[in-house]
$ cat protein_16.txt   # compact mmCIF, C-alpha atoms and all ligand atoms
# COMPACT_ATOMS: atom_id res chain seq x y z
CA MET A 1 0.00 0.00 0.00
CA LYS A 2 1.25 3.46 -0.85
CA ALA A 3 0.49 6.70 0.96
CA LEU A 4 1.13 10.22 -0.22
CA HIS A 5 1.16 12.71 2.62
CA PHE A 6 1.04 16.48 2.05
CA GLY A 7 2.91 18.43 4.74
CA ALA A 8 6.11 16.88 6.08
CA GLY A 9 5.91 19.09 9.18
CA ASN A 10 5.52 18.20 12.83
CA ILE A 11 2.29 16.22 12.63
CA GLY A 12 3.14 14.88 9.18
CA ARG A 13 6.42 13.30 10.26
CA GLY A 14 5.75 12.84 13.97
CA PHE A 15 2.30 11.30 13.75
CA ILE A 16 0.76 10.48 10.36
CA GLY A 17 3.98 9.35 8.63
CA LEU A 18 4.98 7.23 11.61
CA ILE A 19 1.59 5.52 12.00
CA LEU A 20 1.26 4.87 8.27
CA GLN A 21 4.70 3.36 8.05
CA GLN A 22 3.94 1.17 11.08
CA SER A 23 0.74 0.10 9.29
CA GLY A 24 2.77 -1.12 6.33
CA PHE A 25 2.39 1.85 3.99
CA GLU A 26 5.24 3.08 1.83
CA VAL A 27 5.15 6.79 2.63
CA THR A 28 5.93 9.66 0.25
CA PHE A 29 5.85 13.20 1.64
CA ALA A 30 4.93 16.20 -0.51
CA ASP A 31 5.99 19.57 0.85
CA ILE A 32 7.28 22.98 -0.20
CA ASN A 33 10.21 22.93 2.23
CA GLU A 34 13.21 22.19 0.02
CA LYS A 35 15.56 21.25 2.84
CA VAL A 36 13.13 18.70 4.27
CA ILE A 37 12.45 17.16 0.83
CA GLU A 38 16.16 16.98 0.06
CA GLU A 39 16.94 15.27 3.38
CA LEU A 40 14.06 12.80 3.01
CA ASN A 41 15.33 11.76 -0.42
CA TYR A 42 18.93 11.55 0.70
CA ARG A 43 18.39 9.59 3.91
CA LYS A 44 15.10 7.78 3.13
CA GLU A 45 14.40 7.64 6.86
CA TYR A 46 13.98 9.81 9.94
CA GLN A 47 13.65 9.43 13.68
CA VAL A 48 10.73 10.10 16.02
CA GLU A 49 11.39 10.32 19.77
CA ILE A 50 8.72 9.91 22.45
CA ALA A 51 8.77 12.71 25.04
CA ASP A 52 8.62 10.78 28.30
CA THR A 53 11.04 9.07 30.67
CA THR A 54 11.70 6.29 28.13
CA HIS A 55 12.79 8.58 25.25
CA GLU A 56 11.88 5.63 23.02
CA THR A 57 12.91 6.23 19.41
CA PHE A 58 11.25 4.97 16.23
CA ILE A 59 12.93 5.00 12.84
CA VAL A 60 10.54 5.66 9.98
CA THR A 61 12.12 3.96 6.99
CA GLY A 62 11.50 3.75 3.25
CA VAL A 63 10.26 7.33 2.93
CA GLN A 64 10.79 9.79 0.11
CA GLY A 65 9.93 13.40 -0.66
CA ILE A 66 8.45 15.40 -3.54
CA HIS A 67 8.49 19.17 -3.86
CA SER A 68 4.80 19.73 -4.43
CA GLN A 69 5.23 22.95 -6.42
CA LYS A 70 8.46 22.28 -8.31
CA GLU A 71 7.90 18.62 -9.23
CA PRO A 72 4.31 18.43 -10.51
CA GLU A 73 4.84 15.40 -12.78
CA LYS A 74 6.42 13.40 -9.96
CA LEU A 75 3.56 14.45 -7.71
CA PHE A 76 0.84 13.40 -10.19
CA HIS A 77 2.60 10.06 -10.63
CA ALA A 78 2.65 9.56 -6.85
CA MET A 79 -1.07 10.40 -6.74
CA THR A 80 -1.76 7.77 -9.38
CA GLU A 81 0.18 5.17 -7.40
CA ALA A 82 -1.32 6.09 -4.02
CA ASP A 83 -3.95 4.10 -2.12
CA LEU A 84 -4.22 6.82 0.49
CA ILE A 85 -3.65 10.59 0.40
CA THR A 86 -3.41 12.47 3.69
CA THR A 87 -2.71 16.10 4.56
CA ALA A 88 -1.37 18.00 7.59
CA VAL A 89 -0.60 21.37 6.06
CA GLY A 90 -2.79 23.70 8.14
CA PRO A 91 -6.50 24.45 7.56
CA SER A 92 -5.87 27.59 5.51
CA VAL A 93 -3.63 25.76 3.02
CA LEU A 94 -6.26 23.22 1.91
CA ARG A 95 -7.87 25.70 -0.48
CA TYR A 96 -4.53 26.26 -2.23
CA LEU A 97 -3.79 22.54 -2.51
CA ALA A 98 -7.17 21.88 -4.11
CA PRO A 99 -6.30 22.69 -7.78
CA THR A 100 -3.29 20.36 -7.61
CA LEU A 101 -5.40 17.59 -6.11
CA ALA A 102 -8.09 18.08 -8.75
CA GLU A 103 -5.55 17.81 -11.56
CA GLY A 104 -3.91 14.77 -9.94
CA LEU A 105 -7.27 13.02 -9.56
CA ARG A 106 -8.15 13.80 -13.17
CA ARG A 107 -4.90 12.22 -14.37
CA ARG A 108 -5.23 9.27 -11.97
CA ALA A 109 -8.74 8.54 -13.29
CA LYS A 110 -7.31 8.12 -16.81
CA LYS A 111 -4.87 5.46 -15.62
CA THR A 112 -6.55 3.52 -12.84
CA ARG A 113 -9.84 2.84 -11.08
CA ARG A 114 -8.07 1.52 -7.95
CA PRO A 115 -9.72 2.81 -4.78
CA LEU A 116 -8.23 5.87 -3.14
CA SER A 117 -8.94 7.34 0.28
CA ILE A 118 -8.31 11.00 1.06
CA ILE A 119 -8.06 12.21 4.66
CA ALA A 120 -7.31 15.77 5.82
CA CYS A 121 -5.63 15.54 9.23
CA GLU A 122 -6.09 19.14 10.29
CA ASN A 123 -7.42 20.79 13.43
CA MET A 124 -10.84 21.55 12.09
CA VAL A 125 -14.31 20.07 12.13
CA ARG A 126 -14.93 18.03 8.96
CA GLY A 127 -11.69 19.16 7.32
CA THR A 128 -11.84 16.43 4.67
CA SER A 129 -15.35 17.43 3.60
CA LYS A 130 -14.20 21.05 3.29
CA PHE A 131 -11.16 19.89 1.30
CA GLN A 132 -13.44 17.83 -0.95
CA ALA A 133 -15.59 20.91 -1.62
CA PHE A 134 -12.50 22.95 -2.57
CA ILE A 135 -11.32 20.17 -4.92
CA GLN A 136 -14.75 19.87 -6.53
CA GLU A 137 -14.64 23.56 -7.47
CA HIS A 138 -11.91 22.54 -9.94
CA LEU A 139 -13.70 19.49 -11.40
CA SER A 140 -16.59 19.34 -13.85
CA SER A 141 -19.76 17.59 -12.67
CA GLU A 142 -18.96 14.65 -15.01
CA GLU A 143 -15.53 14.32 -13.44
CA GLN A 144 -17.00 14.49 -9.95
CA ILE A 145 -19.48 11.71 -10.75
CA ALA A 146 -16.75 9.55 -12.29
CA LEU A 147 -14.60 9.85 -9.18
CA GLN A 148 -17.43 9.04 -6.76
CA SER A 149 -17.14 5.28 -7.12
CA ASN A 150 -13.47 4.93 -6.25
CA VAL A 151 -12.30 8.11 -4.49
CA HIS A 152 -13.40 8.28 -0.88
CA PHE A 153 -13.14 11.40 1.26
CA LEU A 154 -13.01 10.43 4.93
CA ASP A 155 -13.34 12.92 7.75
CA ALA A 156 -11.03 12.42 10.70
CA ALA A 157 -9.88 13.78 14.06
CA VAL A 158 -6.17 13.74 14.91
CA ASP A 159 -4.72 14.27 18.33
CA ARG A 160 -1.05 14.29 19.29
CA ILE A 161 0.84 17.29 20.63
CA VAL A 162 3.91 17.96 18.51
CA PRO A 163 5.57 21.28 19.35
CA ILE A 164 7.74 23.32 17.00
CA GLN A 165 11.02 21.44 16.66
CA GLU A 166 14.31 23.16 17.42
CA ASN A 167 16.56 20.23 16.47
CA GLU A 168 19.70 20.44 14.38
CA ASP A 169 18.44 17.50 12.31
CA PRO A 170 15.54 18.92 10.22
CA LEU A 171 13.80 15.52 10.09
CA PHE A 172 14.10 14.50 13.75
CA VAL A 173 10.87 15.04 15.67
CA VAL A 174 9.96 14.73 19.36
CA VAL A 175 6.32 13.89 20.07
CA GLU A 176 4.19 13.24 23.16
CA PRO A 177 3.37 9.58 23.90
CA TYR A 178 -0.40 10.06 23.54
CA TYR A 179 -2.11 9.86 20.16
CA GLU A 180 -5.59 9.36 18.76
CA TRP A 181 -6.57 9.15 15.10
CA VAL A 182 -10.30 8.68 14.54
CA ILE A 183 -11.57 8.12 11.00
CA GLU A 184 -15.20 8.18 9.93
CA THR A 185 -16.28 5.05 8.10
CA LYS A 186 -19.03 6.12 5.76
CA ASP A 187 -19.32 2.92 3.78
CA SER A 188 -17.95 -0.58 3.57
CA PHE A 189 -15.12 0.62 1.35
CA SER A 190 -13.45 2.62 4.12
CA ASN A 191 -13.19 -0.58 6.14
CA GLN A 192 -10.64 -1.75 3.61
CA LEU A 193 -8.19 0.85 4.92
CA SER A 194 -5.92 -1.00 7.27
CA ILE A 195 -4.48 1.34 9.90
CA PRO A 196 -4.53 -0.69 13.13
CA GLN A 197 -3.61 2.26 15.34
CA ALA A 198 -6.54 4.34 14.06
CA ILE A 199 -10.10 4.08 15.35
CA PHE A 200 -12.82 3.72 12.71
CA VAL A 201 -16.24 5.09 13.69
CA ASP A 202 -19.64 5.54 12.03
CA ASP A 203 -20.09 9.08 13.29
CA LEU A 204 -17.10 11.34 13.86
CA GLN A 205 -18.99 14.32 15.27
CA PRO A 206 -18.74 13.39 18.99
CA TYR A 207 -15.04 12.56 18.62
CA ILE A 208 -14.01 15.66 16.73
CA GLU A 209 -15.99 17.95 19.02
CA ARG A 210 -14.71 16.20 22.14
CA LYS A 211 -11.15 16.63 20.91
CA LEU A 212 -11.46 20.18 19.60
CA TYR A 213 -13.45 21.52 22.58
CA THR A 214 -11.26 19.81 25.17
CA VAL A 215 -7.69 19.57 23.87
CA ASN A 216 -7.72 22.64 21.65
CA THR A 217 -10.06 24.80 23.75
CA GLY A 218 -8.16 23.99 26.94
CA HIS A 219 -4.79 24.49 25.27
CA ALA A 220 -5.92 27.81 23.80
CA ALA A 221 -7.16 28.97 27.22
CA ALA A 222 -3.84 28.15 28.88
CA ALA A 223 -1.90 29.77 26.02
CA TYR A 224 -3.77 33.10 25.77
CA LEU A 225 -3.95 33.48 29.55
CA GLY A 226 -0.29 32.46 29.84
CA TYR A 227 0.74 34.98 27.19
CA LYS A 228 -1.01 37.78 29.08
CA LYS A 229 0.98 36.88 32.20
CA GLY A 230 4.27 36.78 30.30
CA TYR A 231 4.94 33.02 30.35
CA LYS A 232 6.83 31.39 27.50
CA TRP A 233 5.95 27.69 27.87
CA VAL A 234 2.54 26.10 28.32
CA ALA A 235 3.75 23.78 31.08
CA GLU A 236 4.97 26.89 32.92
CA ALA A 237 1.57 28.61 32.57
CA MET A 238 -0.17 25.46 33.83
CA LYS A 239 1.73 25.82 37.13
CA ASP A 240 0.03 29.20 37.69
CA GLU A 241 -2.92 28.49 40.03
CA GLU A 242 -5.12 31.16 38.46
CA ILE A 243 -4.54 29.92 34.89
CA LEU A 244 -5.02 26.29 35.89
CA LYS A 245 -8.30 27.19 37.59
CA THR A 246 -9.64 29.13 34.60
CA THR A 247 -8.55 26.40 32.18
CA LYS A 248 -10.41 23.84 34.29
CA ASN A 249 -13.47 26.11 34.41
CA VAL A 250 -13.38 26.46 30.64
CA LEU A 251 -13.20 22.67 30.29
CA ASN A 252 -16.15 22.36 32.66
CA GLU A 253 -18.16 24.59 30.33
CA THR A 254 -17.23 22.60 27.22
CA GLY A 255 -17.60 19.38 29.22
CA TYR A 256 -21.16 20.36 30.06
CA ILE A 257 -22.17 20.79 26.43
CA LEU A 258 -20.29 17.67 25.30
CA THR A 259 -21.83 15.40 27.92
CA LYS A 260 -25.30 16.83 27.31
CA THR A 261 -25.09 16.78 23.51
CA TYR A 262 -23.55 13.34 23.14
CA GLN A 263 -24.76 11.69 26.35
CA LEU A 264 -21.18 11.07 27.44
CA ASP A 265 -20.57 9.45 30.79
CA GLU A 266 -19.67 12.33 33.12
CA ARG A 267 -17.06 10.37 35.07
CA GLU A 268 -15.41 9.14 31.87
CA HIS A 269 -15.36 12.68 30.52
CA GLN A 270 -13.80 13.96 33.75
CA LYS A 271 -11.06 11.36 33.33
CA TYR A 272 -10.56 12.48 29.72
CA MET A 273 -10.28 16.13 30.85
CA ASN A 274 -7.75 15.22 33.55
CA LYS A 275 -5.69 13.31 30.99
CA ILE A 276 -5.72 16.31 28.66
CA LEU A 277 -4.67 18.70 31.45
CA SER A 278 -1.78 16.39 32.36
CA ARG A 279 -0.67 16.38 28.70
CA PHE A 280 -0.32 20.18 28.80
CA CYS A 281 2.07 19.79 31.75
CA ASN A 282 4.47 17.28 30.12
CA PRO A 283 7.94 18.38 31.35
CA TYR A 284 9.63 16.51 28.49
CA LEU A 285 7.81 18.48 25.81
CA PRO A 286 8.67 22.19 25.76
CA ASP A 287 5.75 23.77 23.89
CA ASP A 288 5.88 27.48 23.17
CA ILE A 289 2.73 29.43 24.04
CA VAL A 290 2.90 31.35 20.76
CA ARG A 291 2.57 28.08 18.80
CA ILE A 292 -0.69 27.24 20.53
CA ALA A 293 -1.92 30.84 20.34
CA ARG A 294 -0.94 31.16 16.66
CA SER A 295 -3.46 32.59 14.18
CA PRO A 296 -5.88 34.23 16.65
CA ILE A 297 -8.23 35.35 13.85
CA ARG A 298 -8.70 31.72 12.79
CA LYS A 299 -9.20 30.68 16.41
CA LEU A 300 -11.93 33.31 16.89
CA GLN A 301 -13.99 32.00 13.97
CA PRO A 302 -17.58 31.08 14.91
CA ASP A 303 -16.95 27.40 14.13
CA ASP A 304 -13.63 27.12 15.95
CA ARG A 305 -12.61 25.98 19.46
CA LEU A 306 -13.76 29.01 21.49
CA VAL A 307 -16.79 30.71 19.98
CA ALA A 308 -18.55 27.52 18.83
CA PRO A 309 -18.72 25.96 22.32
CA ALA A 310 -19.61 29.34 23.85
CA ILE A 311 -22.61 29.60 21.50
CA LYS A 312 -23.59 26.02 22.37
CA CYS A 313 -23.46 26.87 26.08
CA LEU A 314 -25.96 29.67 25.52
CA GLU A 315 -28.17 27.31 23.53
CA LEU A 316 -28.12 25.01 26.54
CA LYS A 317 -29.00 27.96 28.78
CA ILE A 318 -25.71 28.36 30.63
CA ASP A 319 -23.51 31.46 30.56
CA PRO A 320 -20.05 30.66 29.14
CA ILE A 321 -18.35 33.15 31.44
CA HIS A 322 -14.95 31.49 31.36
CA LEU A 323 -14.98 30.95 27.59
CA ALA A 324 -15.96 34.60 27.21
CA TYR A 325 -12.98 35.58 29.37
CA VAL A 326 -10.63 33.55 27.14
CA ILE A 327 -12.19 35.04 23.97
CA ALA A 328 -11.54 38.50 25.43
CA SER A 329 -7.92 37.45 26.07
CA VAL A 330 -7.56 36.36 22.44
CA LEU A 331 -8.66 39.83 21.38
CA LYS A 332 -5.77 41.22 23.44
CA TYR A 333 -3.20 38.89 21.89
CA ASP A 334 -0.58 41.13 20.31
CA TYR A 335 2.44 38.90 19.64
CA LYS A 336 4.67 40.71 17.12
CA GLY A 337 5.68 37.53 15.31
CA ASP A 338 2.09 36.59 14.46
CA PRO A 339 0.69 38.33 11.37
CA GLU A 340 -2.92 37.62 12.40
CA ALA A 341 -2.33 39.11 15.87
CA GLN A 342 -0.90 42.22 14.24
CA GLU A 343 -3.77 42.50 11.77
CA MET A 344 -6.30 42.12 14.58
CA GLN A 345 -4.63 44.74 16.81
CA ALA A 346 -4.43 47.20 13.91
CA TYR A 347 -8.15 46.69 13.28
CA ILE A 348 -8.97 47.21 16.97
CA GLN A 349 -6.90 50.41 17.00
CA GLU A 350 -8.74 51.75 13.99
CA HIS A 351 -12.30 50.54 14.57
CA GLY A 352 -12.58 49.80 18.27
CA ILE A 353 -13.25 46.61 20.22
CA GLU A 354 -17.00 46.34 19.57
CA LYS A 355 -16.51 46.20 15.82
CA ALA A 356 -13.64 43.76 16.28
CA ILE A 357 -15.74 41.36 18.35
CA GLN A 358 -18.37 41.30 15.63
CA ARG A 359 -15.91 41.07 12.77
CA TYR A 360 -13.80 38.21 14.14
CA THR A 361 -16.31 36.14 16.10
CA GLY A 362 -19.37 36.71 13.95
CA ILE A 363 -21.37 37.50 17.13
CA SER A 364 -23.85 40.36 16.87
CA GLU A 365 -23.85 43.16 19.42
CA ASN A 366 -27.30 42.10 20.63
CA SER A 367 -26.06 38.69 21.62
CA ARG A 368 -25.55 37.80 25.27
CA LEU A 369 -22.12 36.40 24.37
CA PHE A 370 -21.10 39.77 22.98
CA HIS A 371 -21.77 41.37 26.37
CA LEU A 372 -20.03 38.60 28.28
CA ILE A 373 -16.92 39.15 26.15
CA ARG A 374 -17.15 42.96 26.23
CA LYS A 375 -17.31 42.93 30.02
CA HIS A 376 -13.80 41.49 30.18
CA ILE A 377 -12.15 44.08 27.97
N1 LIG A 401 1.40 20.03 15.88
C1 LIG A 401 0.37 19.49 16.51
O1 LIG A 401 0.44 19.20 17.71
C2 LIG A 401 -0.90 19.15 15.77
C3 LIG A 401 -1.23 19.76 14.59
N2 LIG A 401 -2.40 19.42 13.96
C4 LIG A 401 -2.76 20.02 12.70
O2 LIG A 401 -1.87 19.53 11.69
C5 LIG A 401 -1.68 20.53 10.71
C6 LIG A 401 -0.19 20.79 10.54
O3 LIG A 401 0.34 21.23 11.78
P1 LIG A 401 1.88 21.11 12.10
O4 LIG A 401 2.41 19.83 11.61
O5 LIG A 401 2.02 21.44 13.54
O6 LIG A 401 2.47 22.31 11.23
P2 LIG A 401 3.87 22.41 10.49
O7 LIG A 401 4.05 23.83 10.14
O8 LIG A 401 4.93 21.74 11.30
O9 LIG A 401 3.66 21.54 9.17
C7 LIG A 401 2.98 21.98 8.05
C8 LIG A 401 3.76 21.55 6.83
O10 LIG A 401 2.99 21.83 5.69
C9 LIG A 401 3.85 22.30 4.69
N3 LIG A 401 3.11 23.05 3.69
C10 LIG A 401 2.60 24.29 3.78
N4 LIG A 401 2.01 24.63 2.62
C11 LIG A 401 2.13 23.57 1.80
C12 LIG A 401 1.72 23.31 0.46
N5 LIG A 401 1.06 24.21 -0.24
N6 LIG A 401 2.01 22.11 -0.06
C13 LIG A 401 2.67 21.17 0.66
N7 LIG A 401 3.09 21.38 1.92
C14 LIG A 401 2.82 22.55 2.48
C15 LIG A 401 4.87 23.15 5.45
O11 LIG A 401 6.03 23.38 4.69
C16 LIG A 401 5.09 22.29 6.67
O12 LIG A 401 6.14 21.37 6.49
C17 LIG A 401 -2.48 21.75 11.19
O13 LIG A 401 -3.75 21.73 10.62
C18 LIG A 401 -2.59 21.53 12.68
O14 LIG A 401 -3.71 22.18 13.22
C19 LIG A 401 -3.26 18.49 14.44
C20 LIG A 401 -2.97 17.84 15.60
C21 LIG A 401 -1.76 18.11 16.34
O1 LIG A 402 -2.81 23.89 15.08
P1 LIG A 402 -3.71 24.98 15.54
O2 LIG A 402 -5.10 24.88 15.05
O3 LIG A 402 -3.11 26.35 15.37
O4 LIG A 402 -3.87 24.83 17.08
C1 LIG A 402 -2.84 24.43 17.93
C2 LIG A 402 -3.34 23.26 18.66
O5 LIG A 402 -3.30 22.11 17.87
C3 LIG A 402 -2.42 21.18 18.44
O6 LIG A 402 -1.18 21.45 17.90
C4 LIG A 402 -2.90 19.80 18.16
O7 LIG A 402 -4.20 19.56 18.49
C5 LIG A 402 -2.43 21.48 19.88
O8 LIG A 402 -1.25 21.08 20.45
C6 LIG A 402 -2.69 22.95 19.92
O9 LIG A 402 -3.61 23.22 20.91
$ encode --input "protein_16.txt" --output "structure tokens" --more "lines below"
Ligand SMILES: NC(=O)C1=CN([C@@H]2O[C@H](COP(=O)(O)OP(=O)(O)OC[C@H]3O[C@@H](n4cnc5c(N)ncnc54)[C@H](O)[C@@H]3O)[C@@H](O)[C@H]2O)C=CC1
Ligand SMILES: O=P(O)(O)OC[C@H]1O[C@](O)(CO)[C@@H](O)[C@@H]1O
Amino acid sequence: MKALHFGAGNIGRGFIGLILQQSGFEVTFADINEKVIEELNYRKEYQVEIADTTHETFIVTGVQGIHSQKEPEKLFHAMTEADLITTAVGPSVLRYLAPTLAEGLRRRAKKTRRPLSIIACENMVRGTSKFQAFIQEHLSSEEQIALQSNVHFLDAAVDRIVPIQENEDPLFVVVEPYYEWVIETKDSFSNQLSIPQAIFVDDLQPYIERKLYTVNTGHAAAAYLGYKKGYKWVAEAMKDEEILKTTKNVLNETGYILTKTYQLDEREHQKYMNKILSRFCNPYLPDDIVRIARSPIRKLQPDDRLVAPAIKCLELKIDPIHLAYVIASVLKYDYKGDPEAQEMQAYIQEHGIEKAIQRYTGISENSRLFHLIRKHI
């Protein structure tokens, strides 16, 4: 089985590439980072280290790299050969990858009818479906119909904390021990995908929301609150009693909506939340707050990790006071190295905070959430 993975970054190498290779796939990475592609082709392997007391190391062998912009023919060939295409490039990049994918699928269809699965492994709800919609914009309706029978777009949730790597070796990657890859099985075909370490489910929604509104919401809370207090590392911020308390309160708010919406067992969910909080404190995994807080405009979107659960709280008749406090902290995020933070601060300077709340969160000024957020600024 052959896999083509777009994005040989932290999650690409440290999670998806590793798991696929362990599942017996021959893995090819497509990326725009020349150094990484060069090294992958030269060495054909890289190392992944587990960040715990064991420092266990895995060697991912038999890999190769393709420059996805400079080597289009090689890329289309790899797409034709692939049984599985995955991505971990960042949610905003999917739109730009779509024309290449459409062209690759068109060429593949002329050569083979072998089944192909496509999975976007990004931090977003139903990322694969959104990717599919972007790709379809570049295909005629006849082409879309022709692909339906053998190209399968599978939504997924991926969870493993992989910080920005500061290693001399550009391929070496240190990852936390925990991982979870949940893939939605829409039809019998997807059962043919053999990835023993992944979980195949009929309905992804509870899993993706549980992950996004616990891991990512909690992480975001710790990061934005930690940034305000001048901490550099998440684990450092988690030692601050006040931040820990607010992060737990935020998780109680999201926990409430998750357990109510999906009838989760409250005790089990408490255990899950405790596990997540302990992951943020891993002393073997230095994780910079500005990585977790990156792209504040994206994180304030109405369907992302903060505003979406806050809206759901109101629907369930509870006030998301702690989520509102974190959303207000995001609006104060002014890290110089983050273009979105700079854009947002410039907008606030020019138009004021009320307009900014509406523009970035999509919440109207009549909404109760608007006032809960405004109160904290
Ligand atoms: N790092 C983490 O802990 C986790 C990250 N994720 C998600 O995985 C995705 C990737 O995150 P990271 O690996 O942390 O980021 P990263 O920045 O380490 O990796 C992204 C890679 O995509 C490549 N890339 C960018 N544009 C491209 C293009 N047009 N064609 C091909 N390659 C391109 C970059 O060169 C880079 O190597 C994001 O959606 C993130 O939310 C999900 C779970 C955990
Ligand atoms: O990758 P994003 O969406 O910017 O968000 C960062 C978050 O994603 C993760 O990298 C993986 O879920 C977390 O460690 C972090 O909370």
$ closest_residue --input "protein_16.txt" --among "A:Thr128, A:Asn282, A:Thr61, A:Gln342" --to "A:Ala157" --atoms "only C-alpha atoms"
A:Thr128
$ closest_residue --input "protein_16.txt" --among "A:Lys260, A:His67, A:His322, A:His351" --to "ligand LIG 401 (chain A)" --atoms "all atoms listed in the file"
A:His67
$ residues_around --input "protein_16.txt" --residues "A:Val89" --least-positions-apart "5" --cutoff "10 Å" --atoms "all atoms listed in the file" --output "ChimeraX atom specification"
/A:5-12,31,94,97,120-122
$ write_last_selection --input "protein_16.txt" --atoms "C-alpha atoms" --output "PDB file, in the coordinates of the input"
ATOM      1  CA  HIS A   5       1.160  12.710   2.620  1.00  0.00           C
ATOM      2  CA  PHE A   6       1.040  16.480   2.050  1.00  0.00           C
ATOM      3  CA  GLY A   7       2.910  18.430   4.740  1.00  0.00           C
ATOM      4  CA  ALA A   8       6.110  16.880   6.080  1.00  0.00           C
ATOM      5  CA  GLY A   9       5.910  19.090   9.180  1.00  0.00           C
ATOM      6  CA  ASN A  10       5.520  18.200  12.830  1.00  0.00           C
ATOM      7  CA  ILE A  11       2.290  16.220  12.630  1.00  0.00           C
ATOM      8  CA  GLY A  12       3.140  14.880   9.180  1.00  0.00           C
ATOM      9  CA  ASP A  31       5.990  19.570   0.850  1.00  0.00           C
ATOM     10  CA  LEU A  94      -6.260  23.220   1.910  1.00  0.00           C
ATOM     11  CA  LEU A  97      -3.790  22.540  -2.510  1.00  0.00           C
ATOM     12  CA  ALA A 120      -7.310  15.770   5.820  1.00  0.00           C
ATOM     13  CA  CYS A 121      -5.630  15.540   9.230  1.00  0.00           C
ATOM     14  CA  GLU A 122      -6.090  19.140  10.290  1.00  0.00           C
TER      15      GLU A 122
END
$ closest_residue --input "protein_16.txt" --among "A:Val175, A:Ile161, A:Ile292, A:Val63" --to "ligand LIG 401 (chain A)" --atoms "only C-alpha atoms and all ligand atoms"
A:Ile161
$ closest_residue --input "protein_16.txt" --among "A:Val60, A:Ala78, A:Ala98, A:Ile50" --to "ligand LIG 401 (chain A)" --atoms "only C-alpha atoms and all ligand atoms"
A:Ala98
$ residues_around --input "protein_16.txt" --residues "A:Leu258" --least-positions-apart "2" --cutoff "12 Å" --atoms "only C-alpha atoms" --output "VMD selection string"
chain A and resid 205 to 214 251 to 256 260 to 266 268 to 270 272 to 273 308 to 310 312 to 313 316
$ residues_near_ligand --input "protein_16.txt" --ligand "ligand LIG 402 (chain A)" --cutoff "7 Å" --atoms "only C-alpha atoms and all ligand atoms" --output "PyMOL selection string"
chain A and resi 90+123+159-163+215-216+219-220+291-295
$ closest_residue --input "protein_16.txt" --among "A:Leu369, A:Leu18, A:Val36, A:Leu116" --to "ligand LIG 401 (chain A)" --atoms "only C-alpha atoms and all ligand atoms"
A:Val36
$ closest_residue --input "protein_16.txt" --among "A:Val201, A:Ile164, A:Val173, A:Leu331" --to "ligand LIG 401 (chain A)" --atoms "only C-alpha atoms and all ligand atoms"
A:Ile164
$ atom_distance --input "protein_16.txt" --atom1 "atom CA of A:Phe29" --atom2 "atom CA of A:Gly65"
4.7 Å
$ atom_distance --input "protein_16.txt" --atom1 "atom CA of A:Trp233" --atom2 "atom CA of A:Phe280"
9.8 Å
$ residues_around --input "protein_16.txt" --residues "A:Arg126" --least-positions-apart "4" --cutoff "8 Å" --atoms "all atoms listed in the file" --output "PyMOL selection string"
chain A and resi 130+155-156
$ residues_around --input "protein_16.txt" --residues "A:Asp202" --least-positions-apart "5" --cutoff "10 Å" --atoms "all atoms listed in the file" --output "PDB file with C-alpha atoms, in the coordinates of the input"
ATOM      1  CA  ILE A 183     -11.570   8.120  11.000  1.00  0.00           C
ATOM      2  CA  GLU A 184     -15.200   8.180   9.930  1.00  0.00           C
ATOM      3  CA  THR A 185     -16.280   5.050   8.100  1.00  0.00           C
ATOM      4  CA  LYS A 186     -19.030   6.120   5.760  1.00  0.00           C
ATOM      5  CA  ASP A 187     -19.320   2.920   3.780  1.00  0.00           C
TER       6      ASP A 187
END
$ residues_around --input "protein_16.txt" --residues "A:Ile353" --least-positions-apart "2" --cutoff "12 Å" --atoms "only C-alpha atoms" --output "PyMOL selection string"
chain A and resi 328+330-332+344-351+355-361+365+370-371+373-377
$ atom_distance --input "protein_16.txt" --atom1 "atom CA of A:Arg279" --atom2 "atom CA of A:Ala235"
8.9 Å
